[in-house]
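Colleague: The structure's right below; bear with me while I get my questions together.
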Amino acid sequence: YQDDVVLSGGIKHITCLEDDEFINALDKAMSDDIQGRRSDATKIPVADIAIPMKLKGSNFKPGGDTEHKEEEHLTFTLMMKKGHKSQYKELKIPATDTLAASIKQQRQAEKTE
Amino acid sequence: EEMGDEDRRMSDWSQHACAYCGIHDPAAVVQCLQTKKWFCNGRGNTSGAHIINHLVRSKCKEVMLHKDSPLGETILECYNCGCKNVFLLGFIPAKADSVVVLLCRHPCANQSNLKDMDWDPVQWQPLVSDRSFLSWLVKIPSEQDQLRARQISGAQINKLEELWKDNPDAKLEDLAKPGIDDEPLPVQVRYADAYLYQGILTPLIKLEADYDKKLKESQTQDNVIVRWDVGLNKKRIAYFNFPRGDGDMRLMQGDELKLRYSGSLHKHWEGVGHVVKVPNSFGEEVGLELRSSINVPSECTHNFCVDFVWKRTSFDRMLNGLKTFAIDENSVSYYIYHKLLGHDVEEPLVKCNLPKKFSPPSHLLPELNHYQVYAVRHVLQKPLSLIQGPPGTGKTVTSAAIVYNLIKMGKGPVLVCAPSNIAVDQLTEKIHRCDLKVVRLCAKSREAIDSPVSFLALHNQVRNNTSCPEIIKLIQLKDELGELSAVDEKRHANLKRQVEKELLQEAEVICCTCVGAGDPRLGKFRFKTVLIDESTQATEPECMVPIVLGSRQVILVGDHCQLGPVVMCKKAAKAGLSQSLFERLVILGLRPIRLMVQYRMHPALSLFPSSVFYDGTLQNAVSAGDRRVDHIDFPWPDIDKPTFFLHTLGQEEISSSGTSYLNRTEAANVEKVVTRLLKSKVPPDAIGIITPYEGQRAYVVQYMQFNGSMPQKMYQELEVASVDAFQGREKDFIILSCVRANEHQGIGFLNDPRRLNVALTRAKYGVIIIGNAKVLSRQPLWHKLLKDSQDQGLLVEGPLNSLRRCEMHLSKPSKLYN
Ligand SMILES: [Zn+2]
Ligand SMILES: [Zn+2]
Ligand SMILES: [Zn+2]
């Protein structure tokens with residue numbers, strides 16, 4: 001049974017010219033795109049994104065379910081649009097992630113106040 | 001045969017398997033909306049996730065999640081404006097509720113009213129982070145899965161993407177097929193005959209042409225908004241924004257664009273025109289002069305599209321030049337033929353009566369120095385010669401003096417060329433000052449473009465000619481009416497051809513670009529003497545265009561220690577197309593005559609370049625006294641040596657989430673130095689800022705304007721550009737920013753000593769280098785520069801107003817791979 005034969009030593013990063021070029025091209029794409037947006041003349045509507053009542057006051061479900069004990073996470077609701085209708089989807093963000101961590105910290109600070 | 005269960009399952013997942021490595025976990029793959037291919041969020045052995053590798057290399061930007069992923073089939077887009085560019089998108093959390101929303105960074109996440117509402121835009125987190133998608137949005141395949149998947153290297157990814165451009169169904173296995181990856185034959189130093197020479201160079205020109213064509217044809221822009229105007233010549237000019245989407249692609253004056261109307265307010269229309277205004281640092285507006293003003297939908301402003309019109313002319317002219325060289329015995333002299341091919345051949349005597357004095361009269365041009373006189377004297381007597389002009393050594397004046405003497409010796413007409421229009425114009429101006437009869441031949445597409453020598457341009461000389469009043473009348477009529485009647489137009493064309501021919505025949509010197517020498521208007525002309533300035537910036541086939549017009553005496557001027565020709569197709573460059581004819585002749589043993597006195601740099605600035613690039617031979621015609629900087633309030637570590645290296649910790653600044661942080665640090669350092677100079681009354685146009693990557697240029701520009709304490713307008717007058725844009729030019733002060741260098745970067749600044757040479761030799765008064773000394777010192781050349789700086793106390797760190805010596809131990813240089 002050959003299935004579990006895995007190369008030892010883990011994934012090795014291989015440097016090459018093409019890889020360096022990729023890094024530069026990515027950096028460039030990101031900065032060019034944001035510059036392009038800044039100088040773009042097209043009219044973009046002012047953001048008017050209200051949080052619907054049913055999501056107001058929603059609080060995090062306690063992190064960590066039975067399956068992933070070690071990987072604690074917070075459950076958010078992701079607001080999306082399908083055509084003109086709003087859609088809500090559940091999104092699990094690990095508690096260690098910057099976004100979740102800083103929010104959690106913030107909430108805790110508020111609570112202690 | 002019926003499909004087994006196994007097969008069916010396989011074909012099912014193979015639909016959404018990563019096109020690079022085969023990973024097919026629905027939670028770990030996303031689909032590129034443009035190419036419909038799927039890619040995983042694992043990086044294998046490369047620096048970025050496969051999906052990011054693909055998006056960047058194929059210039060795609062939009063993706064969709066898999067239907068069986070946690071979020072289901074979802075196109076990632078800005079909640080507010082619908083923008084789908086993943087490089088602009090990121091999440092913003094609500095202030096008080098556990099809700100997040102996806103917004104584009106600009107303008108939506110930047111809108112001030114978000115803060116007033118329930119959102120916390122400060123927490124904006126980019127979707128693409130650490131060169132992959134956020135792992136909680138698209139799963140990163142486990143290390144086990146990645147190891148079990150197909151291993152694909154950065155180089156293979158690159159080749160596969162190239163293959164997809166022609167055949168979207170190509171597979172990784174196809175890379176192994178014969179013929180797919182054939183490298184062209186490389187250039188040689190010597191060639192048995194001109195047919196072999198043509199045979200080697202022709203495929204390289206074709207590769208470059210194909211690359212150029214693909215690049216230009218991919219530049220179509222939709223939804224362009226046009227502002228209409230009428231030029232002085234009554235022609236219609238369309239102004240519109242043409243974002244510099246792809247940095248490889250620089251719009252140039254004279255480029256041809258096609259404008260199309262695709263809206264409903266006017267019937268379909270399209271018109272071709274020439275670019276008369278190009279975007280600059282502070283405006284992206286392009287001006288396009290339309291060839292015909294008839295039926296232009298000038299009442300419409302929206303719903304236009306712009307396409308590039310690719311022109312093969314210059315490539316055809318090079319191919320034609322090589323062909324002429326191979327088949328036409330009279331294209332060059334016997335000696336030049338064999339010499340160019342690298343054969344041993346006896347040098348013929350050049351018959352000439354040398355003048356007593358080589359400098360043109362002093363009211364015409366500045367007196368030549370010893371080395372310049374030697375160079376002029378030498379080349380007049382040689383059938384083939386090279387002049388090497390290091391920075392600031394008066395190459396153009398020397399070239400003009402050579403042309404002057406050639407004419408005075410009765411060796412006219414002389415054909416004078418250079419690869420770029422700017423270089424041709426500069427030389428034309430100097431030659432004109434020598435009281436010679438000069439014609440500047442421009443491409444028809446550039447006739448509308450103004451230059452300091454416009455009055456010498458053939459089309460303007462036709463307008464001002466005295467021998468044919470009739471054509472002047474017709475031209476005036478055409479200007480007034482816009483168009484002529486068919487009969488008049490024919491007459492006009494005939495007369496024009498005739499007057500042009502007369503003017504060209506009377507000229508003592510004809511100046512044009514190298515490919516311009518292939519203009520049909522010169523078709524019947526023969527030039528025994530050809531001088532090519534900046535010849536080290538031309539490819540070899542480019543140089544051949546003027547040479548094959550009958551040359552008996554060829555003078556190549558340039559500097560092979562500065563930047564070479566730009567070849568965009570990597571295959572062609574690798575095969576040697578980026579080597580100039582000048583360089584090959586040097587390799588063949590032809591010794592260039594070097595101009596050794598420089599008139600530009602403070603002696604402290606010329607020291608390093610002289611010792612490293614010119615064997616220490618460069619002499620200074622300017623003294624430290626001529627380049628004093630003590631009236632400028634600037635914290636030079638040593639006022640007698642107006643240069644230093646500011647060590648910054650670039651390495652630690654590489655943020656995991658992308659570029660913005662890096663750029664900010666780099667831009668902040670540049671801004672502080674610039675502001676200090678501006679405060680000391682250094683005019684902005686005397687300062688040049690060199691950034692290694694075109695992509696960062698715009699950021700530095702923007703950063704200075706918004707964060708600098710001097711008036712915005714001053715920062716707008718600064719020139720910020722890549723090294724290449726500064727070649728052949730000078731500034732009072734140069735700021736060289738290379739914070740970007742990281743450990744395994746083999747590109748750009750680090751790799752090419754010629755680029756460093758150009759960067760260090762642009763300034764007259766002062767050079768400030770900003771970068772990470774620790775990283776840069778691993779490269780031998782930079783190590784020398786840093787060691788020299790440190791020994792002189794010019795390697796410093798800390799804030800600008802309290803710089804202190806940096807005593808760090810410079811790591812030993814290690815050889816970088818190439
Ligand atoms: Zn794609
Ligand atoms: Zn993959
Ligand atoms: Zn948006």
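Each chain in the structure tokens gets a letter, A, B and so on, in the order shown; residues start at 1 in every chain, and ligands are counted from 1 in the order they appear.
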I need the contact residues of chain B against chain A, so if you could list those with any atom within 6 Å, counting only C-alpha atoms, and return them as a list of chain:residue names, that would help.
Modeller: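 That gives B:Asn45, B:Thr46, B:Val56, B:Asn80, B:Phe87, B:Asp97, B:Ser98, B:Val99, B:Val100, B:Val101, B:Trp136, B:Gly154, B:Ala155, B:Thr659, B:Gly695 for chain B.
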Colleague: Give the residues close to ligand 2, within 8 Å, counting only C-alpha atoms and all ligand atoms; write them as a ChimeraX atom specification.
Modeller: /B:17-23,29,39-44,49-51,146,149
Colleague: What is the CA of Gln461 in chain B-CA of Glu429 in chain B distance in Å, reported with one decimal?
Modeller: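 Here the two named atoms are 15.2 Å from each other.
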Colleague: Set the cut-off to 9 Å, count only C-alpha atoms and all ligand atoms, and list whatever residues fall near ligand 1 as a list in words.
Modeller: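 Here is the list of contacting residues: Gln31, Cys32, Leu33, Gln34, Thr35, Lys36, Lys37, Trp38, Ile51, His54, Leu55, Val56, Arg57, Ser58, Lys59, Cys60, Lys61, Glu62 and Val63 of chain B.
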Colleague: Those selected residues, please, written with N, CA and C atoms and delivered as a compact mmCIF listing (two decimals), in the first residue's frame.
Modeller:
```txt
# COMPACT_ATOMS: atom_id res chain seq x y z
N GLN B 31 -11.88 29.41 -8.72
CA GLN B 31 -11.84 29.44 -10.18
C GLN B 31 -11.51 30.84 -10.68
N CYS B 32 -10.61 30.92 -11.64
CA CYS B 32 -10.32 32.20 -12.30
C CYS B 32 -11.48 32.46 -13.28
N LEU B 33 -12.15 33.60 -13.11
CA LEU B 33 -13.33 33.86 -13.94
C LEU B 33 -12.98 34.12 -15.39
N GLN B 34 -11.77 34.55 -15.63
CA GLN B 34 -11.40 34.88 -17.01
C GLN B 34 -11.04 33.63 -17.80
N THR B 35 -10.20 32.80 -17.24
CA THR B 35 -9.74 31.63 -17.98
C THR B 35 -10.54 30.38 -17.63
N LYS B 36 -11.42 30.46 -16.61
CA LYS B 36 -12.25 29.34 -16.16
C LYS B 36 -11.43 28.20 -15.58
N LYS B 37 -10.17 28.41 -15.38
CA LYS B 37 -9.35 27.35 -14.79
C LYS B 37 -9.41 27.46 -13.26
N TRP B 38 -9.16 26.31 -12.60
CA TRP B 38 -9.15 26.29 -11.13
C TRP B 38 -7.73 26.23 -10.61
N ILE B 51 -3.02 30.01 -6.98
CA ILE B 51 -4.00 30.92 -7.56
C ILE B 51 -3.39 32.31 -7.77
N HIS B 54 -1.07 32.31 -10.68
CA HIS B 54 -1.80 32.39 -11.95
C HIS B 54 -2.32 33.80 -12.23
N LEU B 55 -2.99 34.39 -11.24
CA LEU B 55 -3.62 35.70 -11.46
C LEU B 55 -2.57 36.71 -11.89
N VAL B 56 -1.42 36.68 -11.22
CA VAL B 56 -0.38 37.66 -11.52
C VAL B 56 0.20 37.43 -12.91
N ARG B 57 0.54 36.17 -13.21
CA ARG B 57 1.22 35.91 -14.47
C ARG B 57 0.33 36.08 -15.68
N SER B 58 -0.98 35.82 -15.51
CA SER B 58 -1.85 35.92 -16.67
C SER B 58 -2.67 37.21 -16.61
N LYS B 59 -2.38 38.05 -15.63
CA LYS B 59 -3.05 39.34 -15.47
C LYS B 59 -4.56 39.18 -15.32
N CYS B 60 -4.99 38.12 -14.65
CA CYS B 60 -6.41 37.95 -14.31
C CYS B 60 -6.61 38.53 -12.91
N LYS B 61 -7.87 38.85 -12.57
CA LYS B 61 -8.09 39.47 -11.27
C LYS B 61 -9.35 38.99 -10.55
N GLU B 62 -10.19 38.18 -11.21
CA GLU B 62 -11.48 37.87 -10.62
C GLU B 62 -11.64 36.37 -10.38
N VAL B 63 -12.24 36.03 -9.25
CA VAL B 63 -12.36 34.61 -8.92
C VAL B 63 -13.73 34.24 -8.34
```
Colleague: Nearest residue to ligand 3 out of B:Ile770, B:Gly389, B:Asn110, B:Ser47, using only C-alpha atoms and all ligand atoms?
Modeller: B:Asn110
Colleague: Can you tell me which residues come within 10 Å of ligand 3 when counting only C-alpha atoms and all ligand atoms, ideally as a VMD selection string?
Modeller: (chain A and resid 37 44 to 47) or (chain B and resid 77 to 85 88 to 90 102 to 111)
Colleague: Do you know which residues are at most 7 Å from range 548-563 of chain B counting only C-alpha atoms, after dropping those on the same chain fewer than 6 positions away, and could you put them as a tab-separated table (two decimals) with N, CA and C atoms, in the first residue's frame?
Modeller:
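And here's around_20.tsv as it stands now:
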```
chain	number	residue	atom	x	y	z
B	321	GLY	N	17.11	45.06	-43.49
B	321	GLY	CA	18.51	45.45	-43.40
B	321	GLY	C	19.42	44.22	-43.42
B	324	THR	N	19.43	42.76	-46.93
B	324	THR	CA	20.26	43.57	-47.83
B	324	THR	C	21.75	43.26	-47.59
B	325	PHE	N	22.11	43.17	-46.32
B	325	PHE	CA	23.50	42.87	-45.97
B	325	PHE	C	23.93	41.54	-46.58
B	330	ASN	N	26.81	45.67	-52.61
B	330	ASN	CA	27.15	47.09	-52.44
B	330	ASN	C	26.59	47.69	-51.15
B	331	SER	N	25.99	46.85	-50.35
B	331	SER	CA	25.37	47.40	-49.13
B	331	SER	C	26.42	47.98	-48.20
B	332	VAL	N	27.59	47.34	-48.14
B	332	VAL	CA	28.71	47.88	-47.35
B	332	VAL	C	30.00	47.57	-48.10
B	333	SER	N	31.08	48.20	-47.69
B	333	SER	CA	32.36	47.94	-48.35
B	333	SER	C	32.86	46.53	-47.99
B	336	ILE	N	34.21	46.51	-44.39
B	336	ILE	CA	33.18	46.54	-43.35
B	336	ILE	C	32.43	45.22	-43.29
B	383	PRO	N	38.23	53.31	-41.24
B	383	PRO	CA	36.96	52.92	-41.87
B	383	PRO	C	35.91	52.43	-40.85
B	384	LEU	N	36.37	51.95	-39.69
B	384	LEU	CA	35.41	51.48	-38.69
B	384	LEU	C	35.98	51.82	-37.32
B	385	SER	N	35.24	52.59	-36.53
B	385	SER	CA	35.79	52.93	-35.23
B	385	SER	C	34.70	53.06	-34.16
B	386	LEU	N	35.16	52.86	-32.94
B	386	LEU	CA	34.26	52.94	-31.79
B	386	LEU	C	34.73	54.06	-30.87
B	387	ILE	N	33.80	54.87	-30.41
B	387	ILE	CA	34.14	55.88	-29.41
B	387	ILE	C	33.33	55.58	-28.16
B	388	GLN	N	34.03	55.42	-27.04
B	388	GLN	CA	33.33	55.18	-25.79
B	388	GLN	C	33.27	56.47	-24.99
B	389	GLY	N	32.07	56.89	-24.69
B	389	GLY	CA	31.90	58.12	-23.92
B	389	GLY	C	31.29	57.86	-22.56
B	390	PRO	N	32.10	57.73	-21.51
B	390	PRO	CA	31.55	57.59	-20.16
B	390	PRO	C	30.67	58.80	-19.82
B	526	ARG	N	22.37	56.70	-51.10
B	526	ARG	CA	23.50	55.92	-50.64
B	526	ARG	C	24.34	56.78	-49.71
B	527	PHE	N	24.72	56.25	-48.57
B	527	PHE	CA	25.55	57.02	-47.63
B	527	PHE	C	26.86	56.28	-47.37
B	528	LYS	N	27.95	56.93	-47.77
B	528	LYS	CA	29.24	56.28	-47.57
B	528	LYS	C	29.68	56.38	-46.12
B	529	THR	N	29.20	57.41	-45.45
B	529	THR	CA	29.63	57.62	-44.06
B	529	THR	C	28.43	57.62	-43.12
B	530	VAL	N	28.51	56.80	-42.11
B	530	VAL	CA	27.42	56.69	-41.15
B	530	VAL	C	27.96	56.84	-39.73
B	531	LEU	N	27.32	57.70	-38.95
B	531	LEU	CA	27.67	57.81	-37.54
B	531	LEU	C	26.45	57.43	-36.71
B	532	ILE	N	26.63	56.53	-35.76
B	532	ILE	CA	25.52	56.14	-34.88
B	532	ILE	C	25.87	56.50	-33.45
B	533	ASP	N	25.11	57.44	-32.89
B	533	ASP	CA	25.32	57.84	-31.50
B	533	ASP	C	24.48	56.92	-30.60
B	534	GLU	N	24.83	56.82	-29.34
B	534	GLU	CA	24.12	55.93	-28.39
B	534	GLU	C	23.99	54.53	-28.97
B	535	SER	N	24.97	54.11	-29.73
B	535	SER	CA	24.83	52.83	-30.44
B	535	SER	C	24.80	51.64	-29.48
B	536	THR	N	25.26	51.82	-28.24
B	536	THR	CA	25.20	50.71	-27.29
B	536	THR	C	23.79	50.51	-26.76
B	537	GLN	N	22.88	51.42	-27.12
B	537	GLN	CA	21.48	51.23	-26.72
B	537	GLN	C	20.63	50.69	-27.85
B	582	PHE	N	28.26	47.34	-31.03
B	582	PHE	CA	29.41	47.95	-30.39
B	582	PHE	C	30.08	46.93	-29.46
B	583	GLU	N	29.27	46.31	-28.61
B	583	GLU	CA	29.80	45.33	-27.65
B	583	GLU	C	30.47	44.17	-28.35
B	613	PHE	N	34.16	51.11	-13.00
B	613	PHE	CA	33.68	50.85	-14.36
B	613	PHE	C	34.67	51.28	-15.45
B	754	ARG	N	25.78	47.74	-14.92
B	754	ARG	CA	25.61	48.89	-15.81
B	754	ARG	C	24.51	49.81	-15.30
B	755	ARG	N	23.49	49.20	-14.67
B	755	ARG	CA	22.39	49.99	-14.14
B	755	ARG	C	22.87	50.83	-12.95
B	757	ASN	N	25.93	51.80	-12.50
B	757	ASN	CA	26.78	52.84	-13.09
B	757	ASN	C	25.95	54.05	-13.52
B	758	VAL	N	24.89	53.78	-14.27
B	758	VAL	CA	24.04	54.88	-14.73
B	758	VAL	C	23.44	55.63	-13.54
```
